[in-house]
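final25.txt follows; it contains compact mmCIF, C-alpha atoms and all ligand atoms.
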# COMPACT_ATOMS: atom_id res chain seq x y z
CA MET A 1 6.80 11.37 8.97
CA ARG A 2 4.11 10.05 11.28
CA VAL A 3 1.51 7.43 10.34
CA ASN A 4 -1.42 6.95 12.71
CA VAL A 5 -3.25 3.64 12.34
CA VAL A 6 -6.78 3.23 13.70
CA THR A 7 -7.67 -0.44 14.06
CA MET A 8 -9.63 -3.05 15.99
CA PHE A 9 -6.57 -5.32 15.64
CA PRO A 10 -3.36 -3.50 16.67
CA GLY A 11 -1.60 -6.87 17.11
CA PHE A 12 -1.92 -7.43 13.38
CA PHE A 13 0.81 -4.83 12.75
CA GLU A 14 3.51 -6.42 14.93
CA GLY A 15 5.07 -8.42 12.10
CA PRO A 16 4.87 -5.76 9.37
CA LEU A 17 6.30 -3.02 11.61
CA ASP A 18 9.14 -5.21 12.90
CA THR A 19 10.33 -6.45 9.51
CA SER A 20 12.75 -5.30 6.83
CA ILE A 21 12.40 -1.82 5.37
CA VAL A 22 9.60 -0.65 7.65
CA ALA A 23 11.58 -1.65 10.75
CA ARG A 24 14.61 0.17 9.34
CA ALA A 25 12.59 3.33 8.67
CA VAL A 26 11.24 3.28 12.23
CA ALA A 27 14.69 2.59 13.76
CA GLY A 28 16.22 5.37 11.67
CA GLY A 29 13.63 7.90 12.79
CA GLN A 30 12.26 8.58 9.28
CA LEU A 31 8.96 6.89 10.18
CA ASP A 32 6.89 6.95 13.35
CA VAL A 33 3.86 4.65 13.49
CA VAL A 34 1.27 5.23 16.23
CA LEU A 35 -1.34 2.50 16.70
CA HIS A 36 -4.75 3.59 18.00
CA ASP A 37 -6.70 0.68 19.47
CA LEU A 38 -10.39 1.20 18.69
CA ARG A 39 -11.42 -1.14 21.49
CA GLU A 40 -10.14 1.40 24.04
CA HIS A 41 -12.78 3.78 22.67
CA GLY A 42 -15.65 1.27 22.62
CA VAL A 43 -19.10 2.20 23.91
CA GLY A 44 -20.47 0.94 27.22
CA LYS A 45 -19.17 -1.73 29.50
CA HIS A 46 -18.84 -4.12 26.56
CA ARG A 47 -16.72 -1.56 24.67
CA GLN A 48 -18.97 -2.01 21.66
CA LEU A 49 -17.53 -0.98 18.26
CA ASP A 50 -20.21 -1.99 15.77
CA ASP A 51 -23.99 -2.24 15.61
CA THR A 52 -26.71 -3.55 13.29
CA PRO A 53 -27.49 -1.47 10.17
CA PHE A 54 -30.55 0.80 10.06
CA GLY A 55 -32.87 -0.55 7.36
CA GLY A 56 -31.77 -4.12 8.07
CA GLY A 57 -29.48 -6.38 6.11
CA PRO A 58 -26.48 -8.57 6.82
CA GLY A 59 -23.33 -7.67 8.70
CA MET A 60 -22.48 -4.98 11.19
CA VAL A 61 -21.65 -1.29 10.81
CA MET A 62 -18.80 0.44 12.63
CA MET A 63 -20.29 2.96 15.11
CA ILE A 64 -19.62 6.69 15.06
CA GLU A 65 -18.39 7.37 18.60
CA PRO A 66 -15.24 5.18 18.84
CA LEU A 67 -13.97 6.39 15.44
CA ALA A 68 -14.95 10.02 16.08
CA SER A 69 -13.15 10.15 19.42
CA ILE A 70 -9.89 9.13 17.70
CA LEU A 71 -10.31 10.97 14.38
CA ALA A 72 -11.57 14.37 15.56
CA PRO A 73 -8.31 15.18 17.40
CA LEU A 74 -6.37 14.09 14.28
CA GLU A 75 -8.07 16.72 12.09
CA SER A 76 -4.73 18.29 11.11
CA THR A 77 -3.63 14.97 9.52
CA HIS A 78 -4.67 13.51 6.15
CA ARG A 79 -7.25 10.90 7.18
CA VAL A 80 -7.65 7.89 4.88
CA LEU A 81 -10.29 5.19 5.23
CA PHE A 82 -9.36 1.82 3.74
CA THR A 83 -12.46 0.32 2.18
CA PRO A 84 -13.22 -1.77 -0.92
CA ALA A 85 -15.47 1.16 -1.97
CA GLY A 86 -12.47 3.52 -2.27
CA GLU A 87 -10.34 4.67 -5.20
CA PRO A 88 -7.59 2.15 -6.08
CA MET A 89 -4.23 2.62 -4.34
CA LYS A 90 -1.53 3.43 -6.92
CA GLN A 91 2.15 4.37 -6.80
CA ALA A 92 1.01 8.00 -7.17
CA THR A 93 -1.12 7.58 -4.03
CA LEU A 94 1.94 6.42 -2.07
CA ASP A 95 4.06 9.24 -3.54
CA ASP A 96 1.50 11.74 -2.26
CA TRP A 97 1.28 10.25 1.24
CA SER A 98 5.06 9.86 1.60
CA GLY A 99 5.46 13.61 1.05
CA ARG A 100 3.18 14.52 3.96
CA ASP A 101 4.17 15.07 7.61
CA ASP A 102 1.20 13.13 9.03
CA VAL A 103 -1.30 10.66 7.63
CA THR A 104 -3.95 8.65 9.47
CA PHE A 105 -5.03 5.24 8.19
CA VAL A 106 -8.41 3.97 9.34
CA CYS A 107 -8.92 0.23 8.95
CA GLY A 108 -12.58 -0.35 8.21
CA ARG A 109 -14.29 -3.68 8.47
CA TYR A 110 -15.68 -4.65 5.16
CA GLU A 111 -19.39 -4.40 5.94
CA GLY A 112 -18.84 -0.70 6.40
CA VAL A 113 -18.50 2.42 8.50
CA ASP A 114 -21.40 4.76 9.39
CA GLN A 115 -21.45 7.25 6.49
CA ARG A 116 -21.41 10.23 8.89
CA VAL A 117 -17.92 9.23 10.08
CA ILE A 118 -16.78 9.42 6.47
CA ASP A 119 -18.55 12.74 5.83
CA LEU A 120 -17.19 14.37 8.99
CA PHE A 121 -13.78 12.82 9.64
CA VAL A 122 -12.35 11.24 6.46
CA ASP A 123 -10.46 13.01 3.65
CA GLN A 124 -9.93 10.10 1.23
CA GLU A 125 -11.26 6.54 0.73
CA VAL A 126 -8.84 4.02 -0.76
CA SER A 127 -9.05 0.35 -1.79
CA LEU A 128 -6.24 -2.16 -2.21
CA GLY A 129 -7.84 -3.70 -5.30
CA ASP A 130 -10.89 -5.35 -6.76
CA TYR A 131 -11.41 -8.15 -4.28
CA VAL A 132 -12.91 -8.36 -0.80
CA LEU A 133 -10.87 -8.66 2.40
CA ALA A 134 -12.19 -8.86 5.95
CA GLY A 135 -10.86 -5.42 6.90
CA GLY A 136 -8.49 -2.61 5.96
CA GLU A 137 -5.49 -3.84 7.98
CA VAL A 138 -3.71 -5.51 5.06
CA ALA A 139 -4.18 -2.37 2.97
CA ALA A 140 -2.75 -0.18 5.76
CA ALA A 141 0.27 -2.49 6.14
CA ALA A 142 0.83 -2.39 2.37
CA ALA A 143 0.62 1.40 2.38
CA ILE A 144 3.09 1.71 5.26
CA GLU A 145 5.62 -0.50 3.46
CA GLY A 146 5.13 1.41 0.21
CA ILE A 147 5.66 4.72 2.02
CA ALA A 148 8.66 3.59 4.11
CA ARG A 149 10.79 2.77 1.09
CA LEU A 150 10.17 6.24 -0.38
CA LEU A 151 11.33 8.15 2.70
CA PRO A 152 14.77 9.78 2.34
CA GLY A 153 17.64 7.57 3.51
CA VAL A 154 15.62 4.38 4.05
CA VAL A 155 16.60 2.52 0.86
CA GLY A 156 20.33 2.56 0.15
CA ASN A 157 20.29 3.37 -3.56
CA PRO A 158 17.68 6.02 -4.39
CA ASP A 159 17.74 4.85 -8.03
CA SER A 160 16.18 1.57 -6.95
CA THR A 161 13.05 3.42 -5.79
CA ARG A 162 12.90 5.60 -8.90
CA SER A 163 13.59 3.36 -11.91
CA GLU A 164 11.13 0.58 -11.20
CA SER A 165 7.72 -0.70 -12.21
CA PHE A 166 4.95 1.91 -12.38
CA ARG A 167 7.21 4.96 -12.21
CA ASP A 168 7.50 4.98 -15.98
CA GLY A 169 4.24 3.10 -16.45
CA LEU A 170 5.95 -0.18 -17.40
CA LEU A 171 6.48 -3.49 -15.59
CA GLU A 172 10.03 -4.58 -14.74
CA GLU A 173 12.08 -6.78 -17.08
CA PRO A 174 13.16 -10.30 -16.02
CA VAL A 175 16.42 -10.47 -14.05
CA TYR A 176 19.02 -13.25 -13.61
CA THR A 177 21.97 -14.10 -11.37
CA ARG A 178 24.44 -17.01 -11.12
CA PRO A 179 24.63 -19.76 -12.19
CA SER A 180 24.47 -18.88 -15.90
CA THR A 181 22.98 -22.33 -16.65
CA TYR A 182 20.43 -24.12 -14.44
CA LEU A 183 18.57 -27.31 -15.49
CA ASP A 184 19.48 -26.46 -19.12
CA GLN A 185 17.95 -23.00 -18.74
CA GLU A 186 20.39 -20.36 -20.01
CA VAL A 187 20.61 -16.71 -19.07
CA PRO A 188 19.81 -14.63 -22.18
CA GLU A 189 23.07 -14.24 -24.12
CA VAL A 190 22.82 -10.45 -24.34
CA LEU A 191 23.16 -10.10 -20.54
CA LEU A 192 26.55 -11.87 -20.67
CA SER A 193 27.79 -9.79 -23.62
CA GLY A 194 29.11 -6.79 -21.68
CA ASP A 195 27.53 -4.53 -24.34
CA HIS A 196 25.65 -2.01 -22.18
CA GLY A 197 23.91 -0.41 -25.13
CA ARG A 198 22.45 -3.75 -26.31
CA ILE A 199 21.61 -4.72 -22.73
CA GLU A 200 19.57 -1.55 -22.09
CA GLU A 201 17.80 -1.94 -25.45
CA TRP A 202 16.90 -5.57 -24.59
CA ARG A 203 15.63 -4.55 -21.13
CA GLN A 204 13.43 -1.81 -22.55
CA THR A 205 11.94 -4.22 -25.11
CA GLN A 206 11.26 -6.76 -22.35
CA ARG A 207 9.49 -4.11 -20.24
CA GLU A 208 7.31 -3.08 -23.15
CA GLU A 209 6.43 -6.65 -24.21
CA ARG A 210 5.59 -7.69 -20.66
CA THR A 211 3.43 -4.67 -20.07
CA ARG A 212 1.56 -5.11 -23.36
CA GLU A 213 0.87 -8.80 -22.57
CA ARG A 214 0.13 -8.60 -18.85
CA ARG A 215 -1.20 -5.09 -18.35
CA PRO A 216 -2.68 -3.73 -21.56
CA ASP A 217 -4.40 -1.08 -19.42
CA LEU A 218 -1.01 0.31 -18.32
CA PHE A 219 0.43 -0.02 -21.83
CA GLU A 220 -2.34 2.10 -23.39
CA ASN A 221 -1.76 4.87 -20.81
CA GLY A 222 1.98 4.91 -21.39
CA GLN A 223 2.02 5.02 -25.21
CL1 LIG B 1 -9.07 -1.42 1.92
N1 LIG B 1 -10.70 -3.32 2.73
C1 LIG B 1 -11.41 -4.44 2.55
N2 LIG B 1 -12.16 -4.89 3.56
N3 LIG B 1 -11.41 -5.14 1.44
C2 LIG B 1 -10.64 -4.67 0.46
C3 LIG B 1 -9.87 -3.51 0.56
C4 LIG B 1 -9.94 -2.84 1.74
N4 LIG B 1 -9.24 -3.32 -0.59
C5 LIG B 1 -9.59 -4.32 -1.37
N5 LIG B 1 -10.44 -5.14 -0.75

Could you rewrite the structure in this file as structure tokens?
Ligand code: 6GU
Amino acid sequence: MRVNVVTMFPGFFEGPLDTSIVARAVAGGQLDVVLHDLREHGVGKHRQLDDTPFGGGPGMVMMIEPLASILAPLESTHRVLFTPAGEPMKQATLDDWSGRDDVTFVCGRYEGVDQRVIDLFVDQEVSLGDYVLAGGEVAAAAAIEGIARLLPGVVGNPDSTRSESFRDGLLEEPVYTRPSTYLDQEVPEVLLSGDHGRIEEWRQTQREERTRERRPDLFENGQ
């Protein structure tokens, strides 16, 4: 699939695109990321991208023309604006995007984007969570990584993308590897027992207890 990214900071994506699973997805041809540098579409000789808000107030507002000139030709793609005012990004959001041929991620700055850009050129507004960042770039990088690992053939064992946190509405259980004792801390005995029935029962209990304690909101939905 193709992911277009519209940003004032294309350099931000160098690390995320060149690392680990995302790099593998790009090298393997399952993922194509096209960066669109907003500055190249800036207005006037200063290549202006934002302006003061009508009605006054703090901060700057992203102007219509630079965004419109990139987003209008991408009308056939699913265009997402990352903004703290959006719906929260969930695993289901990534599942949806990863099944599409083309998505376009617009990285807003947090003060905002002229509402007419949203009305005319944006299909969905999404937030990374309930906190404020300086712009949508981190959210776009998170989305790209979340998508890449869902694309066919990117992650070796397809079970490892299916049987994890949030798929079944539960958090993951704790895991252990060697050594079996470290600073007097033992691996739970059941995991050394070789009894696969008991082990799966223990893991399921751990998932449920963790979810109830840490994410009662998820636990209510799942029960
Ligand atoms: Cl998508 N953008 C900004 N600026 N802040 C955020 C966010 C996005 N998601 C959570 N906080």

#### Entry: All residues having an atom within 9 Å of ligand LIG 1 (chain B) (all atoms listed in the file) as a ChimeraX atom specification
/A:81-86,88-89,107-112,125-140

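Interatomic distance, CA of Phe121 (chain A) to CA of Val61 (chain A): 16.2 Å.
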
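Here CA of Gly29 (chain A) stands at a distance of 21.8 Å from CA of Arg79 (chain A).
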
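Distance annotation: of A:Ile70, A:His196, A:Arg47, A:Leu35, the residue with the minimal separation from Leu17 (chain A) is A:Leu35; atom set is all atoms listed in the file.
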
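Atom to atom, CA of Leu171 (chain A) and CA of Ala23 (chain A) stand 26.9 Å apart.
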
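The smallest atom-to-atom distance between Gln115 (chain A) and any of A:Gly59, A:Pro179, A:Pro53, A:Gly156, using only C-alpha atoms, is found for A:Pro53.
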
### Query
With distances taken over all atoms listed in the file, which of A:Val117, A:Gly146, A:Glu208, A:Gly55 is nearest to Ala92 (chain A)?
A:Gly146

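Closest approach to Gln30 (chain A) among A:His46, A:Arg214, A:Arg149, A:Lys90 is made by A:Arg149 (distances from all atoms listed in the file).
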
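Between Gln206 (chain A) and the residues A:Gly44, A:Thr181, A:Leu49, A:Leu170, the shortest atom-to-atom distance, using all atoms listed in the file, involves A:Leu170.
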
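Shortest atom-to-atom contact with Arg100 (chain A) among A:Val26, A:Leu31, A:Val187, A:Met62: A:Leu31, counting all atoms listed in the file.
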
### Query
Near Arg116 (chain A), counting all atoms listed in the file, which residues have an atom at most 10 Å away, once you skip same-chain residues fewer than 5 positions from it, shown as a VMD selection string?
chain A and resid 63 to 64 68 121 to 122

Have region 138-158 of chain A completed to N, CA, C and O atoms, please, and pass it along as a tab-separated table (two decimals), in the coordinates of the input.
chain	number	residue	atom	x	y	z
A	138	VAL	N	-4.71	-5.13	6.07
A	138	VAL	CA	-3.71	-5.51	5.06
A	138	VAL	C	-3.39	-4.33	4.16
A	138	VAL	O	-2.22	-4.09	3.81
A	139	ALA	N	-4.40	-3.55	3.81
A	139	ALA	CA	-4.18	-2.37	2.97
A	139	ALA	C	-3.30	-1.35	3.70
A	139	ALA	O	-2.39	-0.76	3.10
A	140	ALA	N	-3.55	-1.14	4.99
A	140	ALA	CA	-2.75	-0.18	5.76
A	140	ALA	C	-1.31	-0.65	5.85
A	140	ALA	O	-0.37	0.16	5.69
A	141	ALA	N	-1.10	-1.96	6.07
A	141	ALA	CA	0.27	-2.49	6.14
A	141	ALA	C	0.97	-2.32	4.79
A	141	ALA	O	2.16	-1.97	4.74
A	142	ALA	N	0.25	-2.57	3.71
A	142	ALA	CA	0.83	-2.39	2.37
A	142	ALA	C	1.21	-0.93	2.15
A	142	ALA	O	2.30	-0.63	1.63
A	143	ALA	N	0.35	-0.03	2.55
A	143	ALA	CA	0.62	1.40	2.38
A	143	ALA	C	1.85	1.83	3.18
A	143	ALA	O	2.70	2.58	2.68
A	144	ILE	N	1.95	1.34	4.42
A	144	ILE	CA	3.09	1.71	5.26
A	144	ILE	C	4.40	1.23	4.63
A	144	ILE	O	5.39	1.96	4.58
A	145	GLU	N	4.40	0.01	4.10
A	145	GLU	CA	5.62	-0.50	3.46
A	145	GLU	C	5.94	0.30	2.20
A	145	GLU	O	7.11	0.63	1.94
A	146	GLY	N	4.92	0.62	1.43
A	146	GLY	CA	5.13	1.41	0.21
A	146	GLY	C	5.64	2.81	0.50
A	146	GLY	O	6.43	3.36	-0.28
A	147	ILE	N	5.20	3.38	1.60
A	147	ILE	CA	5.66	4.72	2.02
A	147	ILE	C	7.09	4.64	2.55
A	147	ILE	O	7.94	5.47	2.19
A	148	ALA	N	7.36	3.66	3.41
A	148	ALA	CA	8.66	3.59	4.11
A	148	ALA	C	9.81	3.61	3.12
A	148	ALA	O	10.81	4.31	3.32
A	149	ARG	N	9.68	2.86	2.03
A	149	ARG	CA	10.79	2.77	1.09
A	149	ARG	C	10.98	4.02	0.25
A	149	ARG	O	11.98	4.15	-0.45
A	150	LEU	N	10.02	4.96	0.33
A	150	LEU	CA	10.17	6.24	-0.38
A	150	LEU	C	10.78	7.32	0.50
A	150	LEU	O	11.16	8.38	-0.02
A	151	LEU	N	10.84	7.09	1.80
A	151	LEU	CA	11.33	8.15	2.70
A	151	LEU	C	12.84	8.30	2.54
A	151	LEU	O	13.56	7.30	2.38
A	152	PRO	N	13.34	9.54	2.58
A	152	PRO	CA	14.77	9.78	2.34
A	152	PRO	C	15.66	8.99	3.29
A	152	PRO	O	15.43	8.97	4.49
A	153	GLY	N	16.65	8.28	2.71
A	153	GLY	CA	17.64	7.57	3.51
A	153	GLY	C	17.24	6.19	3.96
A	153	GLY	O	18.01	5.51	4.64
A	154	VAL	N	16.05	5.72	3.60
A	154	VAL	CA	15.62	4.38	4.05
A	154	VAL	C	16.16	3.29	3.13
A	154	VAL	O	16.68	2.28	3.61
A	155	VAL	N	16.07	3.48	1.83
A	155	VAL	CA	16.60	2.52	0.86
A	155	VAL	C	17.95	3.04	0.38
A	155	VAL	O	18.06	4.19	-0.02
A	156	GLY	N	18.96	2.15	0.44
A	156	GLY	CA	20.33	2.56	0.15
A	156	GLY	C	20.49	3.34	-1.14
A	156	GLY	O	20.95	4.48	-1.12
A	157	ASN	N	20.09	2.74	-2.25
A	157	ASN	CA	20.29	3.37	-3.56
A	157	ASN	C	18.99	4.03	-4.01
A	157	ASN	O	18.04	3.34	-4.32
A	158	PRO	N	18.94	5.36	-4.03
A	158	PRO	CA	17.68	6.02	-4.39
A	158	PRO	C	17.21	5.68	-5.80
A	158	PRO	O	16.02	5.74	-6.08
